[in-house]
file coords_18.cif (mmCIF, C-alpha atoms and all ligand atoms)
data_coords
#
loop_
_atom_site.label_atom_id
_atom_site.label_comp_id
_atom_site.auth_asym_id
_atom_site.auth_seq_id
_atom_site.Cartn_x
_atom_site.Cartn_y
_atom_site.Cartn_z
CA MET A 1 55.54 -54.86 -103.30
CA THR A 2 57.98 -52.74 -105.33
CA LEU A 3 57.62 -48.96 -105.57
CA ASP A 4 56.44 -49.30 -109.19
CA GLU A 5 53.75 -51.81 -108.14
CA ARG A 6 52.55 -49.57 -105.30
CA LEU A 7 52.41 -46.57 -107.61
CA SER A 8 50.54 -48.45 -110.34
CA ALA A 9 47.94 -49.53 -107.74
CA ILE A 10 47.42 -45.84 -106.91
CA PHE A 11 47.00 -44.99 -110.59
CA THR A 12 43.79 -46.97 -110.99
CA ALA A 13 42.02 -43.70 -110.07
CA LYS A 14 41.17 -41.31 -112.91
CA LEU A 15 43.25 -38.16 -113.06
CA ASP A 16 40.46 -35.87 -114.34
CA ARG A 17 42.77 -32.93 -114.78
CA ALA A 18 45.48 -31.45 -116.95
CA VAL A 19 49.08 -32.02 -115.94
CA ILE A 20 51.31 -29.30 -117.33
CA PHE A 21 55.06 -29.68 -117.84
CA LEU A 22 56.74 -26.32 -117.48
CA GLY A 23 60.48 -25.79 -117.92
CA PRO A 24 63.16 -24.54 -120.28
CA PRO A 25 63.84 -26.22 -123.63
CA GLY A 26 65.79 -29.42 -123.07
CA SER A 27 64.80 -29.80 -119.41
CA GLY A 28 63.20 -33.21 -120.08
CA LYS A 29 59.53 -32.24 -120.43
CA GLY A 30 58.88 -34.49 -123.44
CA THR A 31 60.78 -37.46 -122.00
CA GLN A 32 58.80 -37.35 -118.76
CA ALA A 33 55.43 -36.25 -120.17
CA LYS A 34 55.31 -39.36 -122.41
CA GLU A 35 56.00 -41.60 -119.41
CA LEU A 36 53.38 -39.97 -117.21
CA ALA A 37 50.75 -40.10 -119.96
CA LYS A 38 51.49 -43.80 -120.50
CA THR A 39 51.18 -44.51 -116.77
CA TYR A 40 47.77 -42.87 -116.51
CA GLY A 41 46.51 -43.94 -119.94
CA ILE A 42 45.78 -40.37 -121.00
CA PRO A 43 46.98 -38.42 -124.07
CA HIS A 44 50.34 -36.70 -124.26
CA LEU A 45 49.73 -33.34 -125.94
CA SER A 46 52.89 -31.68 -127.17
CA THR A 47 52.24 -28.39 -128.95
CA GLY A 48 55.78 -28.64 -130.39
CA ASP A 49 54.94 -32.05 -131.97
CA MET A 50 51.60 -30.75 -133.26
CA LEU A 51 53.31 -27.77 -134.88
CA ARG A 52 56.10 -29.94 -136.34
CA GLU A 53 53.41 -32.16 -137.90
CA HIS A 54 51.79 -29.10 -139.51
CA VAL A 55 55.23 -28.07 -140.81
CA SER A 56 55.93 -31.49 -142.32
CA LEU A 57 52.45 -31.62 -143.92
CA GLY A 58 52.91 -28.10 -145.31
CA THR A 59 49.55 -26.84 -143.98
CA PRO A 60 48.92 -23.05 -143.85
CA LEU A 61 49.54 -23.23 -140.07
CA GLY A 62 52.77 -25.12 -140.70
CA ARG A 63 53.94 -22.55 -143.25
CA LEU A 64 53.32 -19.79 -140.71
CA ALA A 65 55.06 -21.67 -137.86
CA LYS A 66 58.12 -22.96 -139.75
CA PRO A 67 60.26 -19.80 -139.91
CA LEU A 68 59.37 -18.86 -136.33
CA MET A 69 60.36 -22.28 -135.00
CA GLU A 70 63.56 -22.27 -137.06
CA HIS A 71 64.55 -19.01 -135.37
CA GLY A 72 63.64 -20.18 -131.87
CA GLU A 73 60.65 -17.84 -131.57
CA LEU A 74 57.19 -18.66 -130.25
CA VAL A 75 54.25 -19.17 -132.58
CA PRO A 76 51.47 -16.56 -131.98
CA ASP A 77 49.11 -17.30 -129.09
CA SER A 78 45.98 -17.15 -131.27
CA VAL A 79 47.25 -19.96 -133.52
CA VAL A 80 48.35 -22.23 -130.68
CA LEU A 81 45.17 -21.64 -128.67
CA ARG A 82 42.93 -22.65 -131.56
CA MET A 83 44.98 -25.80 -132.12
CA VAL A 84 44.83 -26.78 -128.43
CA ALA A 85 41.11 -26.00 -128.02
CA GLU A 86 40.32 -28.30 -130.97
CA ARG A 87 42.51 -31.10 -129.63
CA ILE A 88 41.06 -31.25 -126.12
CA GLU A 89 37.52 -31.50 -127.51
CA ARG A 90 38.27 -35.10 -128.53
CA PRO A 91 36.87 -37.89 -126.33
CA ASP A 92 40.28 -39.27 -125.36
CA CYS A 93 40.79 -36.07 -123.32
CA PHE A 94 37.66 -36.43 -121.17
CA HIS A 95 39.60 -37.80 -118.17
CA GLY A 96 42.60 -35.52 -118.39
CA PHE A 97 45.76 -35.11 -120.44
CA VAL A 98 49.40 -34.20 -120.15
CA PHE A 99 50.56 -30.94 -121.71
CA ASP A 100 54.17 -30.66 -122.83
CA GLY A 101 55.22 -27.18 -123.98
CA PHE A 102 51.84 -25.58 -123.35
CA PRO A 103 50.97 -23.06 -121.98
CA ARG A 104 53.99 -20.95 -122.78
CA THR A 105 52.71 -17.43 -122.13
CA VAL A 106 50.48 -15.92 -119.45
CA THR A 107 47.81 -15.33 -122.14
CA GLN A 108 47.85 -19.04 -123.00
CA ALA A 109 47.63 -19.98 -119.30
CA LYS A 110 44.62 -17.75 -118.68
CA TYR A 111 42.81 -19.12 -121.72
CA LEU A 112 43.60 -22.67 -120.65
CA GLY A 113 42.13 -21.96 -117.20
CA GLU A 114 38.83 -21.03 -118.87
CA LEU A 115 38.89 -24.09 -121.16
CA LEU A 116 39.46 -26.45 -118.22
CA LYS A 117 36.51 -24.94 -116.36
CA GLN A 118 34.29 -25.34 -119.44
CA HIS A 119 35.31 -29.02 -119.67
CA GLY A 120 34.60 -29.64 -115.97
CA LEU A 121 38.18 -30.61 -115.23
CA LYS A 122 39.95 -30.04 -111.91
CA GLN A 123 42.64 -27.39 -111.37
CA PRO A 124 45.81 -28.16 -113.35
CA PHE A 125 48.81 -29.78 -111.73
CA VAL A 126 51.93 -27.98 -112.92
CA ILE A 127 55.29 -29.74 -112.85
CA PHE A 128 58.14 -27.25 -112.97
CA MET A 129 61.36 -28.85 -114.25
CA VAL A 130 64.05 -27.05 -112.24
CA ILE A 131 67.43 -27.01 -113.99
CA GLY A 132 70.28 -24.56 -114.71
CA THR A 133 70.96 -23.50 -118.29
CA SER A 134 74.54 -24.87 -118.36
CA VAL A 135 73.44 -28.48 -119.10
CA LEU A 136 70.71 -27.60 -121.58
CA MET A 137 72.98 -27.00 -124.58
CA LYS A 138 74.37 -30.56 -124.34
CA ARG A 139 70.89 -32.02 -123.91
CA MET A 140 69.54 -30.26 -126.99
CA THR A 141 72.47 -30.61 -129.37
CA GLY A 142 72.77 -34.30 -128.36
CA ARG A 143 69.06 -35.10 -128.75
CA ARG A 144 67.97 -37.57 -131.43
CA ILE A 145 64.35 -38.57 -132.09
CA CYS A 146 62.92 -41.69 -133.73
CA GLN A 147 61.05 -40.83 -136.92
CA LEU A 148 58.63 -43.72 -136.36
CA CYS A 149 57.75 -43.86 -132.64
CA GLY A 150 59.04 -40.51 -131.33
CA GLU A 151 61.34 -42.09 -128.71
CA ILE A 152 63.82 -39.48 -127.44
CA TYR A 153 67.54 -40.32 -127.18
CA ASN A 154 70.67 -38.39 -126.36
CA ILE A 155 74.00 -39.27 -127.98
CA TYR A 156 75.82 -38.32 -124.75
CA ASP A 157 73.57 -39.57 -121.93
CA ARG A 158 70.96 -41.87 -123.48
CA PRO A 159 72.41 -43.32 -126.69
CA PRO A 160 70.64 -45.99 -128.77
CA LYS A 161 72.25 -49.44 -128.90
CA ILE A 162 73.09 -48.90 -132.59
CA ASP A 163 74.14 -45.44 -133.73
CA GLY A 164 71.30 -43.61 -135.53
CA ILE A 165 68.75 -46.45 -135.11
CA CYS A 166 65.84 -46.64 -132.66
CA ASP A 167 66.02 -49.52 -130.14
CA ASN A 168 62.22 -49.97 -130.24
CA ASP A 169 61.49 -50.31 -133.94
CA GLY A 170 64.65 -49.76 -136.00
CA GLY A 171 63.40 -46.30 -137.08
CA GLU A 172 65.86 -43.67 -138.24
CA LEU A 173 66.94 -41.16 -135.55
CA THR A 174 66.85 -37.51 -136.59
CA HIS A 175 68.15 -34.21 -135.23
CA ARG A 176 65.60 -31.40 -134.79
CA PRO A 177 66.45 -28.32 -136.91
CA ASP A 178 65.97 -26.06 -133.85
CA ASP A 179 68.48 -28.10 -131.83
CA ARG A 180 71.35 -26.53 -133.79
CA GLU A 181 73.67 -24.59 -131.47
CA GLU A 182 72.79 -21.22 -133.06
CA VAL A 183 69.03 -21.69 -132.43
CA VAL A 184 69.36 -22.89 -128.82
CA GLY A 185 70.32 -19.38 -127.59
CA PRO A 186 67.20 -17.68 -129.02
CA ARG A 187 65.00 -20.50 -127.66
CA LEU A 188 66.40 -20.00 -124.15
CA HIS A 189 65.89 -16.25 -124.54
CA ALA A 190 62.25 -16.75 -125.58
CA TYR A 191 61.76 -19.02 -122.57
CA GLU A 192 63.17 -16.45 -120.10
CA LYS A 193 61.18 -13.59 -121.57
CA GLN A 194 57.81 -15.17 -122.36
CA THR A 195 57.50 -18.46 -120.45
CA ALA A 196 59.42 -18.04 -117.18
CA PRO A 197 56.74 -15.58 -115.86
CA LEU A 198 54.42 -18.60 -115.69
CA VAL A 199 56.46 -19.91 -112.76
CA THR A 200 55.31 -16.97 -110.62
CA TYR A 201 51.81 -17.12 -112.12
CA TYR A 202 51.24 -20.77 -111.21
CA ARG A 203 53.11 -20.58 -107.90
CA ARG A 204 50.78 -17.80 -106.74
CA LEU A 205 47.80 -19.98 -107.63
CA GLY A 206 49.33 -22.82 -105.60
CA PHE A 207 49.45 -25.17 -108.62
CA LEU A 208 53.25 -25.43 -109.02
CA HIS A 209 55.29 -28.50 -107.97
CA ASP A 210 59.06 -28.24 -108.29
CA ILE A 211 60.96 -31.26 -109.62
CA ASP A 212 64.76 -31.46 -109.68
CA ALA A 213 65.34 -32.10 -113.40
CA ARG A 214 69.12 -32.50 -113.01
CA LYS A 215 68.72 -36.07 -111.75
CA SER A 216 68.74 -39.15 -114.01
CA VAL A 217 65.73 -39.85 -116.25
CA GLU A 218 64.61 -42.70 -113.95
CA GLU A 219 64.99 -40.65 -110.75
CA VAL A 220 63.06 -37.72 -112.24
CA LYS A 221 60.34 -40.14 -113.37
CA GLN A 222 59.93 -41.57 -109.85
CA ASP A 223 59.83 -38.08 -108.29
CA ILE A 224 57.10 -37.02 -110.74
CA LEU A 225 55.01 -40.17 -110.22
CA GLN A 226 55.11 -39.69 -106.45
CA SER A 227 54.28 -36.01 -106.74
CA VAL A 228 51.29 -36.61 -109.04
CA ALA A 229 50.07 -39.54 -106.92
CA SER A 230 49.90 -37.18 -103.92
CA ILE A 231 47.04 -35.18 -105.50
CA ARG A 232 44.47 -37.98 -105.53
CA GLY A 233 41.17 -36.68 -104.24
CA GLU A 234 42.18 -32.98 -104.30
CA ARG A 235 40.06 -30.48 -106.17
P1 LIG A 301 58.84 -27.79 -128.13
O1 LIG A 301 58.84 -28.93 -129.04
O2 LIG A 301 57.81 -27.69 -127.08
O3 LIG A 301 60.29 -27.67 -127.51
P2 LIG A 301 60.87 -27.08 -126.12
O4 LIG A 301 59.90 -26.59 -125.13
O5 LIG A 301 61.87 -26.12 -126.58
O6 LIG A 301 61.34 -28.31 -125.39
P3 LIG A 301 62.21 -29.43 -125.95
O7 LIG A 301 61.36 -30.38 -126.75
O8 LIG A 301 63.41 -28.87 -126.66
O9 LIG A 301 62.79 -30.10 -124.66
P4 LIG A 301 62.15 -31.00 -123.56
O10 LIG A 301 62.07 -30.23 -122.30
O11 LIG A 301 60.90 -31.66 -124.05
O12 LIG A 301 63.30 -32.07 -123.39
P5 LIG A 301 63.41 -33.61 -123.86
O13 LIG A 301 62.60 -34.48 -122.98
O14 LIG A 301 63.23 -33.75 -125.33
O15 LIG A 301 58.72 -26.41 -128.97
C1 LIG A 301 59.44 -26.21 -130.17
C2 LIG A 301 58.99 -24.90 -130.79
O16 LIG A 301 57.60 -24.96 -131.12
C3 LIG A 301 59.12 -23.65 -129.90
O17 LIG A 301 60.42 -23.10 -129.95
C4 LIG A 301 58.05 -22.74 -130.50
O18 LIG A 301 58.50 -22.14 -131.67
C5 LIG A 301 56.94 -23.71 -130.87
N1 LIG A 301 55.96 -23.90 -129.79
C6 LIG A 301 55.70 -25.06 -129.13
N2 LIG A 301 54.74 -24.89 -128.23
C7 LIG A 301 54.36 -23.58 -128.30
C8 LIG A 301 53.41 -22.79 -127.60
N3 LIG A 301 52.66 -23.33 -126.61
N4 LIG A 301 53.30 -21.49 -127.92
C9 LIG A 301 54.04 -20.94 -128.90
N5 LIG A 301 54.97 -21.64 -129.60
C10 LIG A 301 55.13 -22.95 -129.31
O19 LIG A 301 64.95 -33.88 -123.49
C11 LIG A 301 66.00 -33.18 -124.16
C12 LIG A 301 67.24 -34.10 -124.26
O20 LIG A 301 67.72 -34.35 -122.93
C13 LIG A 301 66.94 -35.47 -124.86
O21 LIG A 301 68.04 -35.87 -125.64
C14 LIG A 301 66.77 -36.41 -123.65
O22 LIG A 301 67.15 -37.73 -123.94
C15 LIG A 301 67.72 -35.75 -122.63
N6 LIG A 301 67.25 -35.89 -121.25
C16 LIG A 301 65.98 -35.74 -120.79
N7 LIG A 301 65.93 -35.91 -119.44
C17 LIG A 301 67.21 -36.14 -119.05
C18 LIG A 301 67.83 -36.40 -117.78
N8 LIG A 301 67.09 -36.43 -116.65
N9 LIG A 301 69.17 -36.59 -117.73
C19 LIG A 301 69.91 -36.55 -118.88
N10 LIG A 301 69.39 -36.34 -120.13
C20 LIG A 301 68.06 -36.14 -120.20
#

call {"tool": "encode", "arguments": {"input": "coords_18.cif", "output": "structure tokens"}}
result
Amino acid sequence: MTLDERLSAIFTAKLDRAVIFLGPPGSGKGTQAKELAKTYGIPHLSTGDMLREHVSLGTPLGRLAKPLMEHGELVPDSVVLRMVAERIERPDCFHGFVFDGFPRTVTQAKYLGELLKQHGLKQPFVIFMVIGTSVLMKRMTGRRICQLCGEIYNIYDRPPKIDGICDNDGGELTHRPDDREEVVGPRLHAYEKQTAPLVTYYRRLGFLHDIDARKSVEEVKQDILQSVASIRGER
């Protein structure tokens, strides 16, 4: 039996909890969160994607978020918390979900703790993507995303077969406005100031699991699958 087959046998159990991806911008949270959600058959909830959808639809929330995102700043807690609380009410979240980019402040984490209790879910499993800042600039400025399916590429390390075109569905690949070099600095600053304190917060609670995010996409994926599989049966 291959490692993938052994792991998929383990995954027949329900997760019944939130898995949280914590790490700096560009550390690979989205790439890995999608994979993990697919493996367990649970939703991938990216607050960044939700906000970008509001921006593209021009909703009042989107109009509020747009300038903040363009400058690499966080959107206010109250707005994000309302959006998340509504999303996890939906039935597809009853057996757990994967958060990517949430929580991002200690206030958000505390509120999430209460929400999880109310929904009868187990303690969250927090994956901390450990990586130095030196590689993040290349990862962000090189990132390209499929407009149709959301597949994430990198022109340096994970290029599509045809330049600018998604391998999966031929969709156009786009560059996120906040991946411009001048916005990456403020995003890293916001992470250090507002999000990095969550590392201590979750480590103290015993929920944090370090993953070496410098490895290849496939190696990181295997490390995460093994780490999450180890929690079966825990409360
Ligand atoms: P969001 O969309 O959450 O962005 P982020 O946290 O800055 O993270 P990224 O999406 O940039 O990176 P990632 O870690 O997902 O990396 P990825 O897998 O794509 O947030 C955007 C904005 O929305 C925020 O700035 C804020 O304004 C707002 N916002 C969102 N949530 C909020 C909240 N909770 N509260 C307040 N405001 C909020 O990978 C990056 C690149 O690297 C890709 O090209 C990929 O192919 C490549 N790559 C990935 N893994 C590897 C690897 N192992 N080796 C080599 N290359 C790799």

call {"tool": "residues_near_ligand", "arguments": {"input": "coords_18.cif", "ligand": "ligand LIG 301 (chain A)", "cutoff": "6 Å", "atoms": "all atoms listed in the file", "output": "MDAnalysis selection string"}}
result
chainID A and resid 25:31 47:49 68:69 72:76 80 101:104 139:140 142:143 152:154 157:158 187 213:217

call {"tool": "closest_residue", "arguments": {"input": "coords_18.cif", "among": "A:Ala196, A:Leu45, A:Val98, A:Leu51", "to": "A:Phe125", "atoms": "only C-alpha atoms"}}
result
A:Val98

call {"tool": "atom_distance", "arguments": {"input": "coords_18.cif", "atom1": "atom CA of A:Ser46", "atom2": "atom CA of A:Leu225"}}
result
19.1 Å

call {"tool": "closest_residue", "arguments": {"input": "coords_18.cif", "among": "A:Arg90, A:Lys117, A:His209, A:His71", "to": "A:Pro177", "atoms": "all atoms listed in the file"}}
result
A:His71

call {"tool": "atom_distance", "arguments": {"input": "coords_18.cif", "atom1": "atom CA of A:His175", "atom2": "atom CA of A:Asp163"}}
result
12.8 Å

call {"tool": "closest_residue", "arguments": {"input": "coords_18.cif", "among": "A:Leu112, A:Leu136, A:Ile127, A:Leu64", "to": "A:Asp223", "atoms": "all atoms listed in the file"}}
result
A:Ile127

call {"tool": "closest_residue", "arguments": {"input": "coords_18.cif", "among": "A:Arg17, A:His54, A:Arg204, A:Lys193", "to": "A:Thr105", "atoms": "only C-alpha atoms"}}
result
A:Lys193

call {"tool": "closest_residue", "arguments": {"input": "coords_18.cif", "among": "A:Thr39, A:Ser230, A:Thr174, A:Thr107", "to": "A:Leu198", "atoms": "all atoms listed in the file"}}
result
A:Thr107

call {"tool": "closest_residue", "arguments": {"input": "coords_18.cif", "among": "A:Tyr156, A:Arg52, A:Glu182, A:Gln147", "to": "A:Asn168", "atoms": "only C-alpha atoms"}}
result
A:Gln147

call {"tool": "atom_distance", "arguments": {"input": "coords_18.cif", "atom1": "atom CA of A:Val199", "atom2": "atom CA of A:Phe128"}}
result
7.5 Å

call {"tool": "residues_near_point", "arguments": {"input": "coords_18.cif", "point": "(45.0, -40.3, -117.4)", "cutoff": "10 Å", "atoms": "only C-alpha atoms", "output": "ChimeraX atom specification"}}
result
/A:11-19,36-44,92-98

call {"tool": "decode", "arguments": {"input": "coords_18.cif", "residues": "stretch 158-184 of chain A", "atoms": "N, CA, C and O atoms", "output": "compact mmCIF listing (two decimals), in the first residue's frame"}}
result
# COMPACT_ATOMS: atom_id res chain seq x y z
N ARG A 158 6.30 26.93 -10.06
CA ARG A 158 5.16 26.07 -10.39
C ARG A 158 4.45 26.64 -11.60
O ARG A 158 3.27 27.00 -11.54
N PRO A 159 5.17 26.72 -12.73
CA PRO A 159 4.57 27.39 -13.90
C PRO A 159 3.52 26.52 -14.58
O PRO A 159 3.60 25.29 -14.51
N PRO A 160 2.54 27.15 -15.26
CA PRO A 160 1.61 26.35 -16.06
C PRO A 160 2.33 25.84 -17.30
O PRO A 160 3.40 26.35 -17.66
N LYS A 161 1.71 24.84 -17.97
CA LYS A 161 2.37 24.30 -19.18
C LYS A 161 2.44 25.37 -20.27
O LYS A 161 3.42 25.51 -20.97
N ILE A 162 1.34 26.15 -20.40
CA ILE A 162 1.32 27.25 -21.38
C ILE A 162 1.24 28.56 -20.60
O ILE A 162 0.37 28.71 -19.73
N ASP A 163 2.13 29.47 -20.94
CA ASP A 163 2.20 30.75 -20.24
C ASP A 163 0.82 31.44 -20.15
O ASP A 163 0.16 31.64 -21.17
N GLY A 164 0.41 31.80 -18.94
CA GLY A 164 -0.82 32.57 -18.75
C GLY A 164 -2.12 31.78 -18.84
O GLY A 164 -3.21 32.35 -18.75
N ILE A 165 -2.03 30.44 -19.03
CA ILE A 165 -3.24 29.62 -19.21
C ILE A 165 -3.24 28.49 -18.17
O ILE A 165 -2.23 27.81 -17.96
N CYS A 166 -4.42 28.27 -17.57
CA CYS A 166 -4.53 27.22 -16.54
C CYS A 166 -4.47 25.83 -17.17
O CYS A 166 -5.15 25.57 -18.17
N ASP A 167 -3.69 24.93 -16.56
CA ASP A 167 -3.58 23.55 -17.06
C ASP A 167 -4.91 22.82 -16.95
O ASP A 167 -5.22 21.94 -17.75
N ASN A 168 -5.71 23.14 -15.92
CA ASN A 168 -6.94 22.38 -15.66
C ASN A 168 -8.04 22.67 -16.66
O ASN A 168 -8.70 21.76 -17.13
N ASP A 169 -8.26 23.98 -16.94
CA ASP A 169 -9.46 24.32 -17.71
C ASP A 169 -9.24 25.42 -18.75
O ASP A 169 -10.20 25.95 -19.31
N GLY A 170 -7.98 25.78 -19.00
CA GLY A 170 -7.71 26.80 -20.02
C GLY A 170 -8.06 28.21 -19.58
O GLY A 170 -8.03 29.15 -20.38
N GLY A 171 -8.41 28.38 -18.28
CA GLY A 171 -8.76 29.72 -17.78
C GLY A 171 -7.56 30.66 -17.80
O GLY A 171 -6.40 30.22 -17.79
N GLU A 172 -7.89 31.96 -17.83
CA GLU A 172 -6.82 32.97 -17.85
C GLU A 172 -6.17 33.08 -16.46
O GLU A 172 -6.88 33.07 -15.44
N LEU A 173 -4.85 33.18 -16.40
CA LEU A 173 -4.17 33.34 -15.12
C LEU A 173 -3.96 34.82 -14.84
O LEU A 173 -3.53 35.57 -15.72
N THR A 174 -4.29 35.23 -13.60
CA THR A 174 -4.18 36.65 -13.27
C THR A 174 -3.24 36.86 -12.08
O THR A 174 -2.93 35.92 -11.34
N HIS A 175 -2.81 38.09 -11.93
CA HIS A 175 -1.87 38.50 -10.88
C HIS A 175 -2.68 39.30 -9.86
O HIS A 175 -3.37 40.26 -10.25
N ARG A 176 -2.61 38.93 -8.58
CA ARG A 176 -3.38 39.67 -7.57
C ARG A 176 -2.83 41.09 -7.40
O ARG A 176 -1.61 41.27 -7.32
N PRO A 177 -3.73 42.11 -7.31
CA PRO A 177 -3.23 43.49 -7.16
C PRO A 177 -2.33 43.66 -5.94
O PRO A 177 -1.39 44.46 -5.97
N ASP A 178 -2.59 42.89 -4.85
CA ASP A 178 -1.75 43.07 -3.65
C ASP A 178 -0.48 42.25 -3.71
O ASP A 178 0.28 42.19 -2.74
N ASP A 179 -0.20 41.60 -4.84
CA ASP A 179 1.07 40.88 -4.99
C ASP A 179 2.12 41.77 -5.66
O ASP A 179 3.22 41.32 -5.98
N ARG A 180 1.78 43.04 -5.90
CA ARG A 180 2.79 43.97 -6.43
C ARG A 180 3.84 44.20 -5.35
O ARG A 180 3.51 44.23 -4.14
N GLU A 181 5.09 44.34 -5.79
CA GLU A 181 6.22 44.45 -4.86
C GLU A 181 5.99 45.49 -3.76
O GLU A 181 6.28 45.25 -2.60
N GLU A 182 5.38 46.64 -4.14
CA GLU A 182 5.22 47.72 -3.16
C GLU A 182 4.16 47.42 -2.09
O GLU A 182 4.12 48.09 -1.06
N VAL A 183 3.28 46.42 -2.35
CA VAL A 183 2.26 46.08 -1.35
C VAL A 183 2.72 44.92 -0.46
O VAL A 183 2.21 44.72 0.65
N VAL A 184 3.69 44.14 -0.95
CA VAL A 184 4.14 42.97 -0.17
C VAL A 184 4.73 43.41 1.17
O VAL A 184 4.45 42.80 2.21
